[in-house]
Structure formats: structure tokens, C-alpha cells
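Structure first, commentary second.
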Amino acid sequence: MHTPGESPWVVLKFGGTSVSSASKWRIIADVVTSRVEEGLRPVVVQSALSGVSDQLEGLLHEAVAGTHQATLRSIHEQHQALAADLDVPLDGLLDELLSELGQLAAGIALVREFSPRLQARVLAVGELMASLLGAAYLRTLGLDVQWVDARTVLQSETRRELAPRTRILSAECGAEPDAALCARFAAMPGVILTQGFIASDAGGDTVLLGRGGSDTSAAYIACRLTARRLEVWTDVPGMFTADPRLVPSARLLRSLDYGEAQEIATTGGAVLHARCIPAVRGHRIPIHIRSTNHPGCEGTVISALPDEGRPAVKAISVKRNAVLISMETLGMWQQVGFLADAFACFARHGMSIDLVATSETNVTVSLDSDANTLDAAALDELLHDLAALCKARVIAPCAAVSLVGRQIRAILYQLGPALEVFQEQQVHLVTQAASDLNITFVVEEDSAGRLVKRLHGIVVREHALNPAFGPTWEQLSGSSAAAAARHPHARQWWEIKQRELLELMKDRDAAYVYDLETIDRSIERLQAMRSIDRIFYAMKANGNRRVLERMRLREVAFECVSRAEVEHVLALFPGIDPADILFTPNFAPKSEYAFAFDAGVRVTLDNLHPLKQWPELFRGRDVLIRVDPGSGHGHHEKVYTAGQQSKFGIPISEMGELRRLAQCGKARIVGLHAHSGSGIWALEHWSATGGLLGQLVDHFPDVTALNLGGGLGVPERIDQAELDIPAIDRSLAPLKDANPSWELWLEPGRFLVAQGGVLLARVTQIKDKGDVRYIGVSTGMNSLVRPALYGSYHRIVNLTRLDHEATDVVSVVGPICETGDRLGVDHMLPPTKEDDVILIADTGAYGYTMSSHYNMRAPAEEVVL
């Protein structure tokens, strides 16, 4: 047997996205050929084609109902299409496996059930078919390829303590060096190609290694061969300091210790399955994470690194879909064996505990949805069992946000500014790993993404010179022009009108520019909703006269939050029906309510104080009520407009008193309203709001309208999809159909105007400080305060050099005397010069309307195209 450093074997694992197209297979062929030319013996471990495992899972359930034929055809056609793209003649190559799959499905349809054994056999077909195709293609290129069934290579260990289902569907194999396997493979010429995910048991039956099992298969094989290294090829070029989808400025992690990589993988990093690391760690076999999308990128190397001698945070990770179980009882204090009894309940239900926090009267644990079955029935059974010991309750949905690195305890004092981001969050649980490799906070799932962004900006960016940090995701994924080429649907109006925008900037230093055609398209998307009867534009988002005139032309009503806004609309549109104006003040003086009633506009109350203190003002009046649904949502806690920490709305617990006050004061409650925040992407949010308000209608028989609020999410990045408005409409249809007498309203602001506006500013100066490059522009937080106030992200481009390659990582800053005067941090721009025009996108909402003359600098003027 060789040591890893001397071994001729290199194991190359390729995931589903890497083996599903001809272009990726050409890259795989180049990688394999390169390793052969290095004098190494490659062992290729490949996954099923992308999406096939999910289709096979669906096939099992469809076969029970006898509706599986379409999925069988789809699987067959997907493999046929790839074979055609690869120019590989099938000639019966897959016939035996396809026939077996059809027979298995027919058997399931006959008995109307399937066992774990049958499930394993069905799912194994995906890897087997894909690997036969892969081997055939590599042979057409002249490579000598030996196809090996992984079930003859890996045998599962028999662990009687595991449930039979677990032994079949999430099996474990030995990772000790195997001289017989080395000799077997050494006797085979050329390249060995086998499958991930599958193995056999002692009886020769098929077992699976669980989801993510292909990584684990490759690790087992690398260990048994004492391979020189394990290369895991995926669709991203390594591990990053955060999820690049959340944080485009996330840095590639060039090198990690096994322990650090294990923590990142187990706390939410999706690049590498956590189960594969302990096996190779025991044999000191390095893991190289590489990307078929970026084959030239250095990637991440995981190995036994020497102790760096200094503490550091390497990554901010997030694990979603966590469920907490809170167990409370005074009886646990100083009681011997309480934890043993409680944990035994979890064991009896086959649930594995992730995190634990204890106090004298409470124990709270987290359950990972990836490792446990956490449907409502399973949780109810668990709570019933725990009831004999304590008062147990479920807290969900949650997310675990972790700071991962070395010697975390030694730098806790440095994390003070970072921990301030939790000030307005409900933190359910905090744990610090015994390994000193992470500290984890379990929070509401909705807030996890924002916390990751802010923590990354505070903790990781402050250590930008760490040699373990490589280029940013934006640098690796290329320029804005390249990204636009990958996403042609994302071509923006300001790209089309580049020349017009540059022309109007010839005699200006800064300007907000609005495109009315883009605003029209946003209006049309909402007006196409069949479930919505009326749209009120939240004019605080943008009060420009031309924008308001466009809203009026398109028959959009207005939501106003001040007397001045109401007066502005009345003056601008003298003949407007007062019912087209909705006045929703917050802590406004009595005089504003009196003015609104005199003007005849609709009035919304969000506090009991006016009814208690000024009952005569509301006598005989129709009012709407803003209800606090109990929790806020959105892109930042400062835009949460519900929950105890928000000043808006009347709590549901005060509905009884509200009804009494309205009856005593002779006020009629004709509408209910709830608005939770801004930047909401959960498609079911508005139907849930409608359902909540609908439950309150019985208390207020005069209600004819439910105002579902706004907060509709707006894409921030070029590869982010638009909010699925038709899906929201479909989710509202049952509520509308069941209650045809109710009108359903929306009151969007940012959704209608954000994408229709840009902020243009001229470059004034450029500065380099260490590895940070600052691009100074002619206006800053005096024109656009959202980045400083909310930490909001806006796409930034050099409009003058729109077609140039973006190669520089820069921070775009303004001239205001504040450290927070940053319009964007770690953006990719082409080499930029003085007088270039910088464009900050999606600033049509809460831009000029929130501007100021701070530092006595005038904000950017407004221009309408």
C-alpha cells in the first residue's frame, strides 16, 4: 500500500450538474486526460443526471397510484437527449436498466406500496444509467475506460443499532485501506469509472449512502485506495466565506483545515457533504474542490493545515429549515436523569438532535430537517411523548446562523460590533462549539439572509488580508456584461437607453432618472391579478409629479401617510374621487384626522388612542383598522412593520377593546389592513395575511375590504428571478372565491417604482488603501440613504464603460462626511476614471423621497424620460 503522497490514484467525483450536458462532459474529459498525463490513475465517481434522483423519488409515489408512465418516459428521454448531444449511440446500452425500472414500477403499482429495499433499487438506476453513458462517451474520445459497478466496491457495515430503513437508505461503509481493491484496480488498464451514492450490503442487496452520498462514496473509495487526493468537482469553484447567492462579495476560501471544512459543511455549506470529510481526515487525504463552470479556478484545498497560531473567523454559514423543541419544567432542576429521559424520547422517534442549550428550567434543542423526518404528525407524536416529562413546544421555522473559524472563544471580544446585528432579532438559542470552531445563533428563518449579509460585512470584510481568502464570487463569475449574456432576460431599460442617459449627464453631476415605461410594466403585472380589486400606490416611495400622474392615468389609487401627501394628491388631481385616497397615518396629531374626514378620504387607524381620547371625531365615521399580525417580514429589520418591536398596528389581543370603543363611539369599521414589511418573497404571505384578517371579520360585521398591504419583493441582482405574481394571485383565489362580497386590496410602493429609477453620479476621485479601492462619486447618502440606513444592496455599474470587462473590486462612496456614506461595498467594476458616470440601479423607490441637504449638499435632481 502507498502513502497518500506516493499513491498513483486520484479520485475525481463529478456531481449531477457536471454530468448532465455535453459541454460539461468535454471539461470532464479534459480533466481526466490531464490527470493521466500527470502519470496518475484516475477513478471517476459520478452522480445521476441532474434532477433524475428527484424524478425517481417521484416515480415511487406515482407508481403506487399507477400514474408513473410519464415520469418513466421523461427519464428515458433525458438520457436519450444527452446521448444525442454526446454523439454516443445507445445501441441497447440502457435497455436492461430501463426495462428493470419499468418492471419495478409495475410491481409497485400492483401492490400499491414499496419497501426501503425496493426504493434503493429504483434510485440506484439513476447512477447506473448515467455512468454507462459517461463511460461510453469517454471511450469515443480514445480513452481506455473500465466501467465498475460500485456495489462490487463498497459494502455497507452492519450496525444493528440502526433502524432497518436507515441501514438501507443511509448506509455507512468502511474507510480502511483495501489492498485487494488496490490490486483489482491496478490490474485494470486506463481509467476506472464508477458510481456514487450506491453500495451493497453483506447479502449483496443494493443500499444507498443517503442524499449527498456521492461525495461520501468518493471519500470511501479514496480511503480504500489511499489516494493521493480526492477532487470533488461541482458547479461552484470551492467553499466561500458565505453563500455567494446572498453575498456576492463572498471570498473564495483557498485553504481550510479538515475541522474548519467540517464545521462549514455541517452548519449549512452546501458545496461538500459533511459525511465525506471524517473518512479522508483519518487518512490525511486532501480534498480539492473544483468547478466544471470554472475549471481554471484554483478552488479550495482541505487538508491537515498546521495551526495558524491566531484566531480568525473564516465563514458565515446558515442552515435553514431548523426546528426547535423547547422543553420547560421546574422539575428538571437538580433532577438526576432528566436529560437522559428526554433524549430517550427523541431516540425512540428516530430523531437526531443537533444543538442543545440548557438552563435550570428549560432545555431547548434543534432538529435538522435534512437528518430527520419533521412533518407535523412526527412532531405531534414527539410532543405527546415528551408531555410526560415537561411542557414541550415547537418553534419553527428557524435558521441557524454560524460564525465558523479557529479559536472562536479567543476573539469573542472582537465580535461586539457584529453581535449588535442581533439587537432587533429574537434569538432562540446560542451555542458555542466545544471544538472552538463555531458560535451559532438560532433565529427566525426570515431574518437569516440579512444577518448573514451584515455579519459578513462586519466580521469577514474586516479581515480581508487573510491569506486563506481568495477572489470574490463576483470576480470569479465575471463582469456584468458577461452575467447579462448568461441571463439575456435581465437586460435592463438603462442598458438599452445608455446613450440617452449619458447625454443627459453631460451638464449634470448627479441625477435620479425615471423610466415611465418600466413603471407601466410593473403596474400591469399587478393589475393582471384577478383576485385583487383595488391597488393603492404607497406614494411615500416616490412622490414625483410625473410618476403620480402616470399612476392616475393607469387608474391606480393613492395611499398617503401625511396630510401633506393628501393635499399634494388633491391639488394635483382636483376632480379625484376621495375614495381613491387612503390616509394611513401613524402617531399623527388629531388635526390630521379631522382634515382627512373633512376631505372625505378613507382613513385608517393603527392605534386605540384616537378612539379613546377623541371619540367625537370618529362618531358616525367609516374607518379602516391596521392590524398588527404579530411578526414582521422583509429585507431588513428596519422595514419590519409588525411585531412587538414595531410601532405600527393594533395587536390582535386588543381587537375586543377596539370593537367596544367603536361601538361606544358610533364608528363603523369597514376595512381591515395588515402590512408586515418590505422586500417579502414568500409567495404565501399575502394569502396568509388575508386569512388572518378574514378570521377577524366576524368581530366587525361592516367590513367590506381587506387591505393585504404591500412589501412585494423586487429583484436586486441580475440572476435573481422576478416575484411570481401569478402564483400569488392563485394563492389568493380560494379566499376571494369563498368571500365574493369582500374587496381585496394591495398597497405596493417599491414594487411599482424601484426598477423604473436609477441614480447617476459622476466619478470625482479614486483612492487605493491597502487592497481596498474607493470610487468617489458626486453624491452620496444625501441622495440615497438606503444603503446606510438598511444595508440595502443596489447593483452598480460604470455606465460610461458598460461593455468593458469588470475586473476591479471597489467600494463606491459619496462626498458626505460620514463613514457610512457608502453606496456599495465590494462591487465589480471595470477600470474606472474620473468623470465616468456611475449608475446605481433600482433606486426609483425611497431614493429622492428620503434625500436630504446634509452637509449642505443638494441631493441629485429628478429627470423623467
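FYI, nothing fancy with the C-alpha cells labels: chains A, B, ... in order, residues from 1 per chain, ligands from 1 as they appear.
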- prompt: If we count only C-alpha atoms, what is near Glu549 in chain A at a cut-off of 12 Å, once residues fewer than 3 positions away on the same chain are taken out, given as a PyMOL selection string?
  reply: chain A and resi 516+519-520+537+539+542-546+552-558+568-569+571-573+576+864
Find the residues around Glu654 in chain A up to 10 Å (only C-alpha atoms counted), leave out those fewer than 6 positions away in its own chain, and share them as a tab-separated table (two decimals) with all heavy atoms, in the first residue's frame.
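Output file selection15.tsv follows:
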chain	number	residue	atom	x	y	z
A	607	ASN	N	-54.08	52.64	16.04
A	607	ASN	CA	-53.86	52.79	17.48
A	607	ASN	C	-55.23	53.01	18.13
A	607	ASN	O	-56.14	53.59	17.51
A	607	ASN	CB	-52.95	53.99	17.75
A	607	ASN	CG	-52.47	54.06	19.18
A	607	ASN	OD1	-52.82	53.21	20.01
A	607	ASN	ND2	-51.70	55.09	19.51
A	608	LEU	N	-55.37	52.56	19.36
A	608	LEU	CA	-56.64	52.78	20.07
A	608	LEU	C	-56.74	54.19	20.65
A	608	LEU	O	-57.84	54.65	20.98
A	608	LEU	CB	-56.78	51.76	21.21
A	608	LEU	CG	-56.86	50.28	20.82
A	608	LEU	CD1	-57.08	49.42	22.06
A	608	LEU	CD2	-57.96	50.04	19.80
A	627	VAL	N	-54.15	46.21	11.50
A	627	VAL	CA	-53.94	45.14	12.46
A	627	VAL	C	-52.47	44.75	12.47
A	627	VAL	O	-51.84	44.65	11.41
A	627	VAL	CB	-54.81	43.91	12.10
A	627	VAL	CG1	-54.56	42.76	13.07
A	627	VAL	CG2	-56.28	44.29	12.09
A	628	ASP	N	-51.92	44.55	13.65
A	628	ASP	CA	-50.56	44.02	13.76
A	628	ASP	C	-50.66	42.49	13.75
A	628	ASP	O	-51.18	41.89	14.68
A	628	ASP	CB	-49.92	44.49	15.07
A	628	ASP	CG	-48.49	43.98	15.24
A	628	ASP	OD1	-48.06	43.13	14.45
A	628	ASP	OD2	-47.82	44.43	16.18
query: What residues in range 295-475 of chain A get the DSSP label helix (DSSP H, G or I)? Please answer as a ChimeraX atom specification.
result: /A:330-332,338-348,376-386,408-422,445-463,473-475
Contact residues around range 132-139 of chain A with only C-alpha atoms at 8 Å, ignoring same-chain residues under 4 positions, as a PyMOL selection string: chain A and resi 19+25+29+83+86-88+93-94+128+143-147+193
What are the nearest atom pairs, with distances in Å to one decimal, for all residues of range 660-738 of chain A that come at most 12 Å from range 836-846 of chain A, using only C-alpha atoms, set out by chain and rising residue number as CSV?
residue,atom,partner,partner_atom,distance
A:Ser678,CA,A:Ala845,CA,11.6
A:Val714,CA,A:Asp842,CA,8.6
A:Pro715,CA,A:Asp842,CA,8.8
A:Glu716,CA,A:Asp842,CA,7.5
A:Arg717,CA,A:Ala841,CA,9.7
A:Ile718,CA,A:Ala841,CA,10.7
Atoms to include: N, CA, C and O atoms. Write the selected residues as a short mmCIF file (atom, residue, chain, number, x, y, z; two decimals), in the first residue's frame.
data_model
loop_
_atom_site.label_atom_id
_atom_site.label_comp_id
_atom_site.auth_asym_id
_atom_site.auth_seq_id
_atom_site.Cartn_x
_atom_site.Cartn_y
_atom_site.Cartn_z
N SER A 678 -41.24 45.13 4.04
CA SER A 678 -40.87 45.37 2.65
C SER A 678 -39.88 44.31 2.19
O SER A 678 -39.11 43.78 2.98
N VAL A 714 -38.57 42.91 -4.74
CA VAL A 714 -38.02 43.41 -6.00
C VAL A 714 -36.64 42.78 -6.19
O VAL A 714 -35.81 42.84 -5.28
N PRO A 715 -36.35 42.17 -7.34
CA PRO A 715 -35.03 41.57 -7.56
C PRO A 715 -33.92 42.60 -7.42
O PRO A 715 -34.04 43.73 -7.89
N GLU A 716 -32.83 42.19 -6.79
CA GLU A 716 -31.70 43.10 -6.59
C GLU A 716 -30.54 42.76 -7.51
O GLU A 716 -29.76 43.64 -7.87
N ARG A 717 -30.41 41.47 -7.87
CA ARG A 717 -29.25 41.03 -8.65
C ARG A 717 -29.68 40.52 -10.01
O ARG A 717 -30.81 40.07 -10.20
N ILE A 718 -28.77 40.50 -10.93
CA ILE A 718 -29.09 40.19 -12.32
C ILE A 718 -29.62 38.77 -12.49
O ILE A 718 -30.41 38.49 -13.38
#
task: Fewer than 3 positions away in the same chain doesn't count, so skip those; otherwise give me all residues within 7 Å of range 746-753 of chain A, counting only C-alpha atoms, as a list in words.
output: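 Using only C-alpha atoms, the neighbours found are Ile519, Ser522, Ile523, Arg534, Ile535, Phe536, Tyr537, Ala538, Met539, Ala541, Glu559, Asn707, Leu708, Gly709, Gly710, Gly711, Leu712, Gly713, Val714, Gly756, Gly757, Gly844 and Ala845 of chain A.
Shortest separation to Phe346 in chain A among A:Gln55, A:Ile302, A:Ala315, A:Leu383 occurs at residue A:Leu383, atoms counted being only C-alpha atoms.
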